[in-house]
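The file work33.tsv comes next; it holds TSV, C-alpha atoms (C1' of nucleotides).
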```tsv
chain	number	residue	atom	x	y	z
H	774	MET	CA	-16.08	21.28	30.71
H	775	LYS	CA	-15.27	24.84	29.97
H	776	ARG	CA	-14.72	25.72	26.40
H	777	SER	CA	-13.81	29.13	25.11
H	778	THR	CA	-16.83	30.33	23.22
H	779	GLU	CA	-15.29	33.57	22.03
H	780	HIS	CA	-13.31	32.72	18.97
H	781	ILE	CA	-9.91	33.71	17.88
H	782	VAL	CA	-9.54	36.48	15.37
H	783	TYR	CA	-7.64	35.37	12.30
H	784	LYS	CA	-6.64	37.26	9.25
H	785	GLU	CA	-9.41	37.72	6.74
H	786	ASN	CA	-7.83	35.40	4.21
H	787	THR	CA	-7.13	32.72	6.76
H	788	GLU	CA	-10.80	32.47	7.66
H	789	ALA	CA	-11.89	32.52	4.06
H	790	LEU	CA	-9.44	29.87	2.99
H	791	ALA	CA	-10.40	27.61	5.89
H	792	ARG	CA	-14.05	28.02	4.99
H	793	PHE	CA	-13.47	26.99	1.41
H	794	ALA	CA	-11.21	24.14	2.45
H	795	LYS	CA	-13.77	22.87	4.91
H	796	ALA	CA	-16.41	22.77	2.20
H	797	LEU	CA	-13.99	20.79	0.03
H	798	GLY	CA	-13.20	18.45	2.91
H	799	HIS	CA	-15.52	15.65	1.89
H	800	PRO	CA	-15.06	13.36	-1.11
H	801	THR	CA	-18.71	13.57	-2.07
H	802	ARG	CA	-18.50	17.34	-2.30
H	803	ILE	CA	-15.32	17.17	-4.34
H	804	ALA	CA	-17.03	14.72	-6.66
H	805	ILE	CA	-20.08	16.96	-6.97
H	806	LEU	CA	-17.89	19.92	-7.91
H	807	LYS	CA	-15.94	17.86	-10.44
H	808	HIS	CA	-19.24	16.82	-11.93
H	809	LEU	CA	-20.38	20.43	-12.13
H	810	GLU	CA	-17.12	21.48	-13.74
H	811	LYS	CA	-17.50	18.83	-16.42
H	812	GLN	CA	-21.21	19.30	-17.00
H	813	SER	CA	-21.07	23.02	-16.31
H	814	CYS	CA	-24.42	22.56	-14.59
H	815	CYS	CA	-26.78	19.90	-13.29
H	816	PHE	CA	-29.88	19.15	-11.29
H	817	THR	CA	-30.08	17.63	-7.84
H	818	GLY	CA	-31.70	14.54	-9.30
H	819	ASP	CA	-28.73	13.92	-11.57
H	820	LEU	CA	-26.46	13.75	-8.57
H	821	VAL	CA	-28.80	11.50	-6.63
H	822	ASP	CA	-28.48	9.07	-9.52
H	823	VAL	CA	-24.70	9.33	-9.56
H	824	PHE	CA	-24.10	8.74	-5.84
H	825	PRO	CA	-25.41	5.88	-3.72
H	826	LEU	CA	-26.73	8.34	-1.18
H	827	ALA	CA	-30.17	9.39	-0.04
H	828	GLN	CA	-31.69	12.39	-1.77
H	829	SER	CA	-31.66	14.31	1.49
H	830	THR	CA	-27.98	13.63	1.99
H	831	VAL	CA	-27.08	14.93	-1.45
H	832	SER	CA	-29.25	17.95	-0.80
H	833	GLN	CA	-27.39	18.58	2.42
H	834	HIS	CA	-24.02	18.49	0.68
H	835	LEU	CA	-25.33	20.91	-1.92
H	836	LYS	CA	-26.45	23.20	0.84
H	837	GLU	CA	-22.98	23.27	2.33
H	838	LEU	CA	-21.39	24.02	-0.99
H	839	LYS	CA	-23.90	26.77	-1.46
H	840	ASN	CA	-23.27	28.18	2.02
H	841	ALA	CA	-19.56	28.23	1.30
H	842	GLY	CA	-20.37	30.12	-1.88
H	843	LEU	CA	-18.89	27.57	-4.23
H	844	ILE	CA	-22.12	26.84	-6.08
H	845	GLN	CA	-25.39	28.53	-6.76
H	846	GLY	CA	-28.85	27.28	-7.57
H	847	GLU	CA	-31.17	28.59	-10.20
H	848	LEU	CA	-34.89	27.84	-10.11
H	849	LYS	CA	-35.85	25.95	-13.22
H	850	PRO	CA	-39.22	24.54	-12.20
H	851	PRO	CA	-39.80	21.92	-11.24
H	852	LYS	CA	-36.07	21.43	-10.94
H	853	ILE	CA	-33.19	23.43	-9.59
H	854	LYS	CA	-30.14	23.92	-11.71
H	855	TYR	CA	-26.86	24.08	-9.87
H	856	CYS	CA	-23.75	25.70	-11.24
H	857	ILE	CA	-20.36	26.68	-9.98
H	858	ASN	CA	-20.37	30.19	-8.55
H	859	GLN	CA	-17.71	31.54	-10.85
H	860	GLU	CA	-17.05	34.66	-8.86
H	861	ASN	CA	-16.29	32.87	-5.62
H	862	TRP	CA	-14.61	30.04	-7.47
H	863	LYS	CA	-12.07	32.54	-8.71
H	864	ILE	CA	-11.55	33.82	-5.20
H	865	ALA	CA	-11.04	30.31	-3.87
H	866	LYS	CA	-8.66	29.53	-6.70
H	867	ARG	CA	-6.65	32.63	-5.92
H	868	LEU	CA	-6.55	31.93	-2.19
H	869	PHE	CA	-5.35	28.37	-2.68
H	870	ASN	CA	-2.85	29.48	-5.27
H	871	GLN	CA	-1.25	32.07	-3.09
H	872	PHE	CA	-1.33	29.71	-0.15
H	873	PHE	CA	0.58	27.06	-2.07
H	874	LYS	CA	2.73	29.50	-3.99
N	803	MET	CA	-31.03	4.72	12.80
N	804	LYS	CA	-29.45	2.79	10.00
N	805	ARG	CA	-26.39	4.28	8.42
N	806	SER	CA	-24.43	2.79	5.58
N	807	THR	CA	-21.10	1.84	7.05
N	808	GLU	CA	-19.57	0.64	3.81
N	809	HIS	CA	-18.24	3.68	2.10
N	810	ILE	CA	-18.45	4.86	-1.40
N	811	VAL	CA	-15.50	4.31	-3.67
N	812	TYR	CA	-14.21	7.55	-5.13
N	813	LYS	CA	-11.43	8.18	-7.53
N	814	GLU	CA	-8.00	8.16	-5.96
N	815	ASN	CA	-7.49	11.88	-6.43
N	816	THR	CA	-10.88	12.76	-5.08
N	817	GLU	CA	-10.13	11.05	-1.78
N	818	ALA	CA	-6.67	12.56	-1.57
N	819	LEU	CA	-7.87	16.06	-2.31
N	820	ALA	CA	-10.67	15.80	0.24
N	821	ARG	CA	-8.19	14.59	2.83
N	822	PHE	CA	-5.91	17.55	2.27
N	823	ALA	CA	-8.82	19.96	2.17
N	824	LYS	CA	-10.21	18.60	5.40
N	825	ALA	CA	-6.88	19.16	7.13
N	826	LEU	CA	-6.91	22.74	5.83
N	827	GLY	CA	-10.49	23.20	6.98
N	828	HIS	CA	-9.74	24.99	10.21
N	829	PRO	CA	-8.35	28.52	10.54
N	830	THR	CA	-5.91	27.50	13.26
N	831	ARG	CA	-4.37	24.90	11.00
N	832	ILE	CA	-4.15	27.35	8.11
N	833	ALA	CA	-2.46	29.80	10.44
N	834	ILE	CA	-0.03	27.14	11.64
N	835	LEU	CA	0.92	26.29	8.08
N	836	LYS	CA	1.35	29.94	7.15
N	837	HIS	CA	3.60	30.31	10.14
N	838	LEU	CA	5.63	27.28	9.07
N	839	GLU	CA	5.94	28.63	5.55
N	840	LYS	CA	7.26	31.92	6.81
N	841	GLN	CA	9.53	30.52	9.49
N	842	SER	CA	10.33	27.40	7.50
N	843	CYS	CA	10.21	25.54	10.80
N	844	CYS	CA	9.15	25.91	14.40
N	845	PHE	CA	8.59	24.21	17.70
N	846	THR	CA	5.28	23.37	19.31
N	847	GLY	CA	5.98	25.88	22.05
N	848	ASP	CA	6.33	28.71	19.57
N	849	LEU	CA	2.83	28.03	18.32
N	850	VAL	CA	1.39	27.76	21.81
N	851	ASP	CA	2.68	31.30	22.36
N	852	VAL	CA	1.17	32.53	19.13
N	853	PHE	CA	-2.33	31.16	19.61
N	854	PRO	CA	-4.59	31.63	22.62
N	855	LEU	CA	-5.15	27.90	22.82
N	856	ALA	CA	-4.19	25.21	25.27
N	857	GLN	CA	-0.98	23.33	24.56
N	858	SER	CA	-2.93	20.13	24.09
N	859	THR	CA	-5.18	21.76	21.53
N	860	VAL	CA	-2.26	23.00	19.46
N	861	SER	CA	-0.71	19.57	19.70
N	862	GLN	CA	-3.91	18.04	18.41
N	863	HIS	CA	-3.98	20.34	15.41
N	864	LEU	CA	-0.36	19.47	14.70
N	865	LYS	CA	-1.25	15.81	14.86
N	866	GLU	CA	-3.96	16.24	12.26
N	867	LEU	CA	-1.66	18.12	9.96
N	868	LYS	CA	0.89	15.37	10.42
N	869	ASN	CA	-1.69	12.65	9.76
N	870	ALA	CA	-2.70	14.41	6.58
N	871	GLY	CA	0.96	14.42	5.63
N	872	LEU	CA	1.28	18.17	5.40
N	873	ILE	CA	3.90	18.54	8.09
N	874	GLN	CA	6.54	16.43	9.72
N	875	GLY	CA	8.20	16.49	13.10
N	876	GLU	CA	11.88	16.12	13.84
N	877	LEU	CA	13.10	15.24	17.30
N	878	LYS	CA	15.30	18.02	18.62
N	879	PRO	CA	15.33	17.21	22.33
N	880	PRO	CA	13.75	18.33	24.38
N	881	LYS	CA	11.76	19.99	21.63
N	882	ILE	CA	10.24	18.87	18.39
N	883	LYS	CA	10.84	20.83	15.28
N	884	TYR	CA	7.99	20.90	12.80
N	885	CYS	CA	8.39	21.61	9.11
N	886	ILE	CA	6.25	21.45	6.03
N	887	ASN	CA	6.42	18.05	4.39
N	888	GLN	CA	7.67	19.31	1.05
N	889	GLU	CA	6.96	16.11	-0.82
N	890	ASN	CA	3.29	15.96	0.12
N	891	TRP	CA	2.99	19.71	-0.05
N	892	LYS	CA	3.87	19.48	-3.71
N	893	ILE	CA	1.26	16.79	-4.21
N	894	ALA	CA	-1.39	18.88	-2.48
N	895	LYS	CA	-0.42	21.90	-4.50
N	896	ARG	CA	-0.72	19.92	-7.69
N	897	LEU	CA	-4.10	18.44	-6.72
N	898	PHE	CA	-5.57	21.84	-5.85
N	899	ASN	CA	-4.10	23.37	-8.97
N	900	GLN	CA	-5.61	20.83	-11.30
N	901	PHE	CA	-8.87	20.97	-9.41
N	902	PHE	CA	-9.13	24.72	-9.87
N	903	LYS	CA	-7.55	24.78	-13.33
E	787	DA	C1'	-58.99	20.26	-7.79
E	788	DA	C1'	-56.12	16.22	-7.58
E	789	DA	C1'	-52.02	13.86	-8.62
E	790	DA	C1'	-47.30	13.79	-9.69
E	791	DC	C1'	-42.73	15.57	-9.56
E	792	DC	C1'	-38.63	17.58	-7.58
E	793	DC	C1'	-36.08	18.91	-3.91
E	794	DA	C1'	-35.47	21.42	0.60
E	795	DT	C1'	-36.11	20.85	5.37
E	796	DC	C1'	-37.14	18.40	9.77
E	797	DG	C1'	-36.21	15.05	13.18
E	798	DT	C1'	-33.05	11.85	14.69
E	799	DA	C1'	-28.98	8.99	15.54
E	800	DA	C1'	-24.09	7.78	15.10
E	801	DT	C1'	-19.75	9.60	14.57
E	802	DT	C1'	-16.24	13.01	14.41
E	803	DT	C1'	-14.25	17.30	15.69
E	804	DT	C1'	-12.71	20.74	18.82
E	805	DA	C1'	-11.43	22.22	23.11
E	806	DC	C1'	-9.88	21.81	27.86
E	807	DG	C1'	-7.11	20.18	32.05
E	808	DA	C1'	-4.51	16.36	33.82
E	809	DT	C1'	-1.28	12.93	33.15
E	810	DT	C1'	2.51	10.65	31.03
E	811	DA	C1'	6.73	10.04	28.34
E	812	DT	C1'	11.19	11.41	26.84
E	813	DA	C1'	15.41	13.77	27.15
E	814	DA	C1'	18.50	16.99	29.26
E	815	DT	C1'	20.26	18.99	33.56
E	816	DT	C1'	21.34	19.19	38.09
A	551	DA	C1'	18.76	9.66	41.06
A	552	DA	C1'	15.94	13.70	41.19
A	553	DT	C1'	14.41	17.68	38.75
A	554	DT	C1'	13.15	20.36	34.88
A	555	DA	C1'	11.49	21.19	30.25
A	556	DT	C1'	8.85	20.04	26.33
A	557	DA	C1'	5.21	18.09	24.08
A	558	DA	C1'	2.29	13.95	23.23
A	559	DT	C1'	-1.60	11.47	24.92
A	560	DC	C1'	-5.72	10.50	27.92
A	561	DG	C1'	-10.25	11.49	29.57
A	562	DT	C1'	-14.04	14.21	28.96
A	563	DA	C1'	-17.58	17.39	27.35
A	564	DA	C1'	-19.81	20.28	23.90
A	565	DA	C1'	-20.68	21.02	19.32
A	566	DA	C1'	-20.60	19.96	14.50
A	567	DT	C1'	-20.85	16.67	10.79
A	568	DT	C1'	-22.85	12.99	8.20
A	569	DA	C1'	-26.31	9.98	7.17
A	570	DC	C1'	-31.10	8.34	6.91
A	571	DG	C1'	-36.34	8.35	6.35
A	572	DA	C1'	-40.29	11.26	6.59
A	573	DT	C1'	-42.57	15.41	5.76
A	574	DG	C1'	-43.69	19.60	3.38
A	575	DG	C1'	-43.70	23.28	-0.20
A	576	DG	C1'	-43.72	24.77	-4.77
A	577	DT	C1'	-44.80	23.71	-9.89
A	578	DT	C1'	-46.64	21.33	-13.48
A	579	DT	C1'	-49.67	18.01	-15.39
A	580	DT	C1'	-53.69	15.56	-15.43
```
Could you express the structure from this file as structure tokens?
Amino acid sequence: MKRSTEHIVYKENTEALARFAKALGHPTRIAILKHLEKQSCCFTGDLVDVFPLAQSTVSQHLKELKNAGLIQGELKPPKIKYCINQENWKIAKRLFNQFFK
Amino acid sequence: MKRSTEHIVYKENTEALARFAKALGHPTRIAILKHLEKQSCCFTGDLVDVFPLAQSTVSQHLKELKNAGLIQGELKPPKIKYCINQENWKIAKRLFNQFFK
DNA sequence: AAAACCCATCGTAATTTTACGATTATAATT
DNA sequence: AATTATAATCGTAAAATTACGATGGGTTTT
């Protein structure tokens, strides 16, 4: 089946908002972010203890949040400390705010 | 491969927020909602003209937005008029606001 | 150097999403 | 009753997502 591979061009903000929303589109990722907001920071292992999910699955969710720019990891051997990416968080906040204004 | 079919229990708001976010997680759906906000309402056909997508594809996106509760359709034969679901819109707005507070 | 620890990545499978054209359903018009 | 208009739904295919266990790559500790 044919499927248009060239994608539609949307406004800058539309793409960005959809990207953030997509990253937020899974309860586990929302829960991870809530956890990070409360704790300010945490290690992967902490989250593996919190959720009944495999370590690799949690890691994958973290990767998506990182790819979306919502979190960032800091090497703290032998662990990795994850925090909210405040800069992008502000951008996301602003985009959602003006979307729902 | 085994895969846990029983799902994790999240807080009420976490599930709800993820559901809304997921619906917003595609640029076409963001664009549709922006259009609805500006126009206040519109018909499926209007959107088919706006986006370079098949009618069935647009209809599918509308269905998802409807399932998420973000829009509602009103029979206006032979058309269907779509509007933002103000009640749920307010809920979504509140959930995102308190999430990003 | 070996063992232990933490976590990303790989490989894989099931499921869901996204897109299309074709068909169907409903209502209005002729 | 037949035709037209509008839009949902069906069937299908490709791609992406979500989950798991297993493996591997750095550090630190022994």
Distance-based interface of chain E with chain N, 9 Å, counting all atoms listed in the file, as a list in words: DT798, DA799, DA800, DT804, DA805, DC806, DG807, DT812, DA813 and DA814 of chain E
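The gap separating atom CA of Thr846 of chain N from atom C1' of DA564 of chain A is 25.7 Å, in Å to one decimal.
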Near chain N, 8 Å: chain A residue rows, closest pairs, all atoms listed in the file, as a Markdown table:
```
| residue | atom | partner | partner_atom | distance |
| --- | --- | --- | --- | --- |
| A:DA555 | C1' | N:Pro880 | CA | 6.9 |
| A:DT556 | C1' | N:Lys881 | CA | 5.5 |
| A:DA557 | C1' | N:Thr846 | CA | 7.1 |
| A:DA558 | C1' | N:Ser861 | CA | 7.3 |
| A:DA569 | C1' | N:Arg805 | CA | 5.8 |
| A:DC570 | C1' | N:Arg805 | CA | 6.4 |
```
Would you tabulate, counting only C-alpha atoms, all residues of chain H that have an atom at most 12 Å from an atom of chain N, showing the closest pair of atoms and their distance in Å to one decimal, sorted by chain then ascending number, as CSV?
```
residue,atom,partner,partner_atom,distance
H:Arg776,CA,N:Leu855,CA,10.4
H:Ser777,CA,N:Leu855,CA,9.0
H:Thr778,CA,N:Leu855,CA,11.9
H:Glu779,CA,N:Pro854,CA,10.9
H:His780,CA,N:Pro854,CA,9.5
H:Ile781,CA,N:Pro854,CA,7.4
H:Val782,CA,N:Pro829,CA,9.4
H:Tyr783,CA,N:Pro829,CA,7.1
H:Lys784,CA,N:Ala833,CA,8.6
H:Glu785,CA,N:Pro829,CA,10.0
H:Asn786,CA,N:Pro829,CA,9.4
H:Thr787,CA,N:Pro829,CA,5.8
H:Glu788,CA,N:Pro829,CA,5.5
H:Ala789,CA,N:Pro829,CA,8.4
H:Leu790,CA,N:Pro829,CA,7.7
H:Ala791,CA,N:Gly827,CA,4.5
H:Arg792,CA,N:Gly827,CA,6.3
H:Phe793,CA,N:Gly827,CA,7.4
H:Ala794,CA,N:Gly827,CA,4.7
H:Lys795,CA,N:Gly827,CA,3.9
H:Ala796,CA,N:Gly827,CA,7.6
H:Leu797,CA,N:Ala823,CA,5.7
H:Gly798,CA,N:Lys824,CA,3.9
H:His799,CA,N:Ala820,CA,5.1
H:Pro800,CA,N:Ala820,CA,5.2
H:Thr801,CA,N:Tyr812,CA,8.1
H:Arg802,CA,N:Ala820,CA,8.4
H:Ile803,CA,N:Thr816,CA,6.3
H:Ala804,CA,N:Thr816,CA,6.6
H:Ile805,CA,N:Thr816,CA,10.3
H:Leu806,CA,N:Phe901,CA,9.2
H:Lys807,CA,N:Phe901,CA,7.8
H:His808,CA,N:Phe901,CA,11.5
H:Leu809,CA,N:Phe901,CA,11.8
H:Glu810,CA,N:Phe901,CA,9.3
H:Lys811,CA,N:Phe901,CA,11.3
H:Val823,CA,N:Ile810,CA,11.2
H:Phe824,CA,N:Ile810,CA,8.2
H:Pro825,CA,N:Ile810,CA,7.4
H:Leu826,CA,N:Ile810,CA,9.0
H:Ala827,CA,N:Ser806,CA,10.4
H:Thr830,CA,N:Arg805,CA,11.5
H:Ala841,CA,N:Gly827,CA,11.8
H:Leu843,CA,N:Phe902,CA,11.6
H:Ile857,CA,N:Phe902,CA,11.4
H:Gln859,CA,N:Phe902,CA,11.0
H:Asn861,CA,N:Phe902,CA,11.7
H:Trp862,CA,N:Phe902,CA,8.0
H:Lys863,CA,N:Phe902,CA,8.4
H:Ile864,CA,N:Phe902,CA,10.5
H:Ala865,CA,N:Phe902,CA,8.4
H:Lys866,CA,N:Phe902,CA,5.8
H:Arg867,CA,N:Phe902,CA,9.2
H:Leu868,CA,N:Phe898,CA,10.8
H:Phe869,CA,N:Phe898,CA,7.3
H:Asn870,CA,N:Asn899,CA,7.3
H:Gln871,CA,N:Lys895,CA,10.3
H:Phe872,CA,N:Lys836,CA,7.8
H:Phe873,CA,N:Lys895,CA,5.8
H:Lys874,CA,N:Lys895,CA,8.2
```
Computed interatomic separation between atom CA of Leu838 of chain H and atom CA of Gln812 of chain H (Å):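 Between atom CA of Leu838 of chain H and atom CA of Gln812 of chain H the gap is 16.7 Å.
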Since the input lacks atoms, please generate N, CA and C atoms for segment 823-859 of chain N and provide them as a short mmCIF file (atom, residue, chain, number, x, y, z; two decimals), in the coordinates of the input.
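Ended up saving to part_27.cif:
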```
data_model
loop_
_atom_site.label_atom_id
_atom_site.label_comp_id
_atom_site.auth_asym_id
_atom_site.auth_seq_id
_atom_site.Cartn_x
_atom_site.Cartn_y
_atom_site.Cartn_z
N ALA N 823 -7.91 18.84 1.93
CA ALA N 823 -8.82 19.96 2.17
C ALA N 823 -9.36 19.93 3.60
N LYS N 824 -9.68 18.73 4.05
CA LYS N 824 -10.21 18.60 5.40
C LYS N 824 -9.19 19.09 6.44
N ALA N 825 -7.93 18.72 6.21
CA ALA N 825 -6.88 19.16 7.13
C ALA N 825 -6.73 20.68 7.11
N LEU N 826 -7.01 21.27 5.96
CA LEU N 826 -6.91 22.74 5.83
C LEU N 826 -8.18 23.44 6.31
N GLY N 827 -9.17 22.66 6.69
CA GLY N 827 -10.49 23.20 6.98
C GLY N 827 -10.67 23.80 8.36
N HIS N 828 -9.62 24.30 8.93
CA HIS N 828 -9.74 24.99 10.21
C HIS N 828 -8.74 26.15 10.25
N PRO N 829 -9.22 27.34 10.60
CA PRO N 829 -8.35 28.52 10.54
C PRO N 829 -7.06 28.37 11.34
N THR N 830 -7.13 27.68 12.48
CA THR N 830 -5.91 27.50 13.26
C THR N 830 -4.87 26.72 12.47
N ARG N 831 -5.33 25.71 11.75
CA ARG N 831 -4.37 24.90 11.00
C ARG N 831 -3.82 25.66 9.80
N ILE N 832 -4.65 26.47 9.19
CA ILE N 832 -4.15 27.35 8.11
C ILE N 832 -3.08 28.28 8.68
N ALA N 833 -3.39 28.85 9.82
CA ALA N 833 -2.46 29.80 10.44
C ALA N 833 -1.15 29.11 10.81
N ILE N 834 -1.24 27.90 11.30
CA ILE N 834 -0.03 27.14 11.64
C ILE N 834 0.82 26.93 10.39
N LEU N 835 0.18 26.55 9.32
CA LEU N 835 0.92 26.29 8.08
C LEU N 835 1.54 27.57 7.52
N LYS N 836 0.79 28.66 7.60
CA LYS N 836 1.35 29.94 7.15
C LYS N 836 2.58 30.29 7.97
N HIS N 837 2.48 30.05 9.25
CA HIS N 837 3.60 30.31 10.14
C HIS N 837 4.81 29.45 9.73
N LEU N 838 4.55 28.19 9.46
CA LEU N 838 5.63 27.28 9.07
C LEU N 838 6.24 27.68 7.73
N GLU N 839 5.42 28.19 6.85
CA GLU N 839 5.94 28.63 5.55
C GLU N 839 6.88 29.81 5.72
N LYS N 840 6.47 30.71 6.61
CA LYS N 840 7.26 31.92 6.81
C LYS N 840 8.56 31.61 7.55
N GLN N 841 8.39 30.83 8.62
CA GLN N 841 9.53 30.52 9.49
C GLN N 841 10.37 29.38 8.94
N SER N 842 9.78 28.64 8.02
CA SER N 842 10.33 27.40 7.50
C SER N 842 10.21 26.26 8.50
N CYS N 843 10.32 26.56 9.76
CA CYS N 843 10.21 25.54 10.80
C CYS N 843 9.86 26.20 12.13
N CYS N 844 9.35 25.39 13.05
CA CYS N 844 9.15 25.91 14.40
C CYS N 844 8.84 24.80 15.37
N PHE N 845 8.87 25.17 16.65
CA PHE N 845 8.59 24.21 17.70
C PHE N 845 7.16 24.37 18.19
N THR N 846 6.66 23.33 18.81
CA THR N 846 5.28 23.37 19.31
C THR N 846 5.09 24.58 20.23
N GLY N 847 6.06 24.78 21.09
CA GLY N 847 5.98 25.88 22.05
C GLY N 847 5.80 27.24 21.41
N ASP N 848 6.46 27.45 20.29
CA ASP N 848 6.33 28.71 19.57
C ASP N 848 4.87 28.96 19.22
N LEU N 849 4.22 27.91 18.75
CA LEU N 849 2.83 28.03 18.32
C LEU N 849 1.90 28.26 19.51
N VAL N 850 2.21 27.59 20.61
CA VAL N 850 1.39 27.76 21.81
C VAL N 850 1.43 29.23 22.25
N ASP N 851 2.57 29.88 22.01
CA ASP N 851 2.68 31.30 22.36
C ASP N 851 1.89 32.16 21.39
N VAL N 852 1.83 31.73 20.16
CA VAL N 852 1.17 32.53 19.13
C VAL N 852 -0.35 32.48 19.26
N PHE N 853 -0.88 31.31 19.56
CA PHE N 853 -2.33 31.16 19.61
C PHE N 853 -2.84 31.09 21.04
N PRO N 854 -4.00 31.68 21.27
CA PRO N 854 -4.59 31.63 22.62
C PRO N 854 -5.32 30.32 22.82
N LEU N 855 -4.57 29.24 22.70
CA LEU N 855 -5.15 27.90 22.82
C LEU N 855 -4.30 27.08 23.78
N ALA N 856 -4.93 26.07 24.37
CA ALA N 856 -4.19 25.21 25.27
C ALA N 856 -3.12 24.44 24.49
N GLN N 857 -2.07 24.06 25.19
CA GLN N 857 -0.98 23.33 24.56
C GLN N 857 -1.50 22.04 23.93
N SER N 858 -2.41 21.40 24.61
CA SER N 858 -2.93 20.13 24.09
C SER N 858 -3.73 20.34 22.81
N THR N 859 -4.39 21.47 22.73
CA THR N 859 -5.18 21.76 21.53
C THR N 859 -4.27 21.99 20.33
#
```
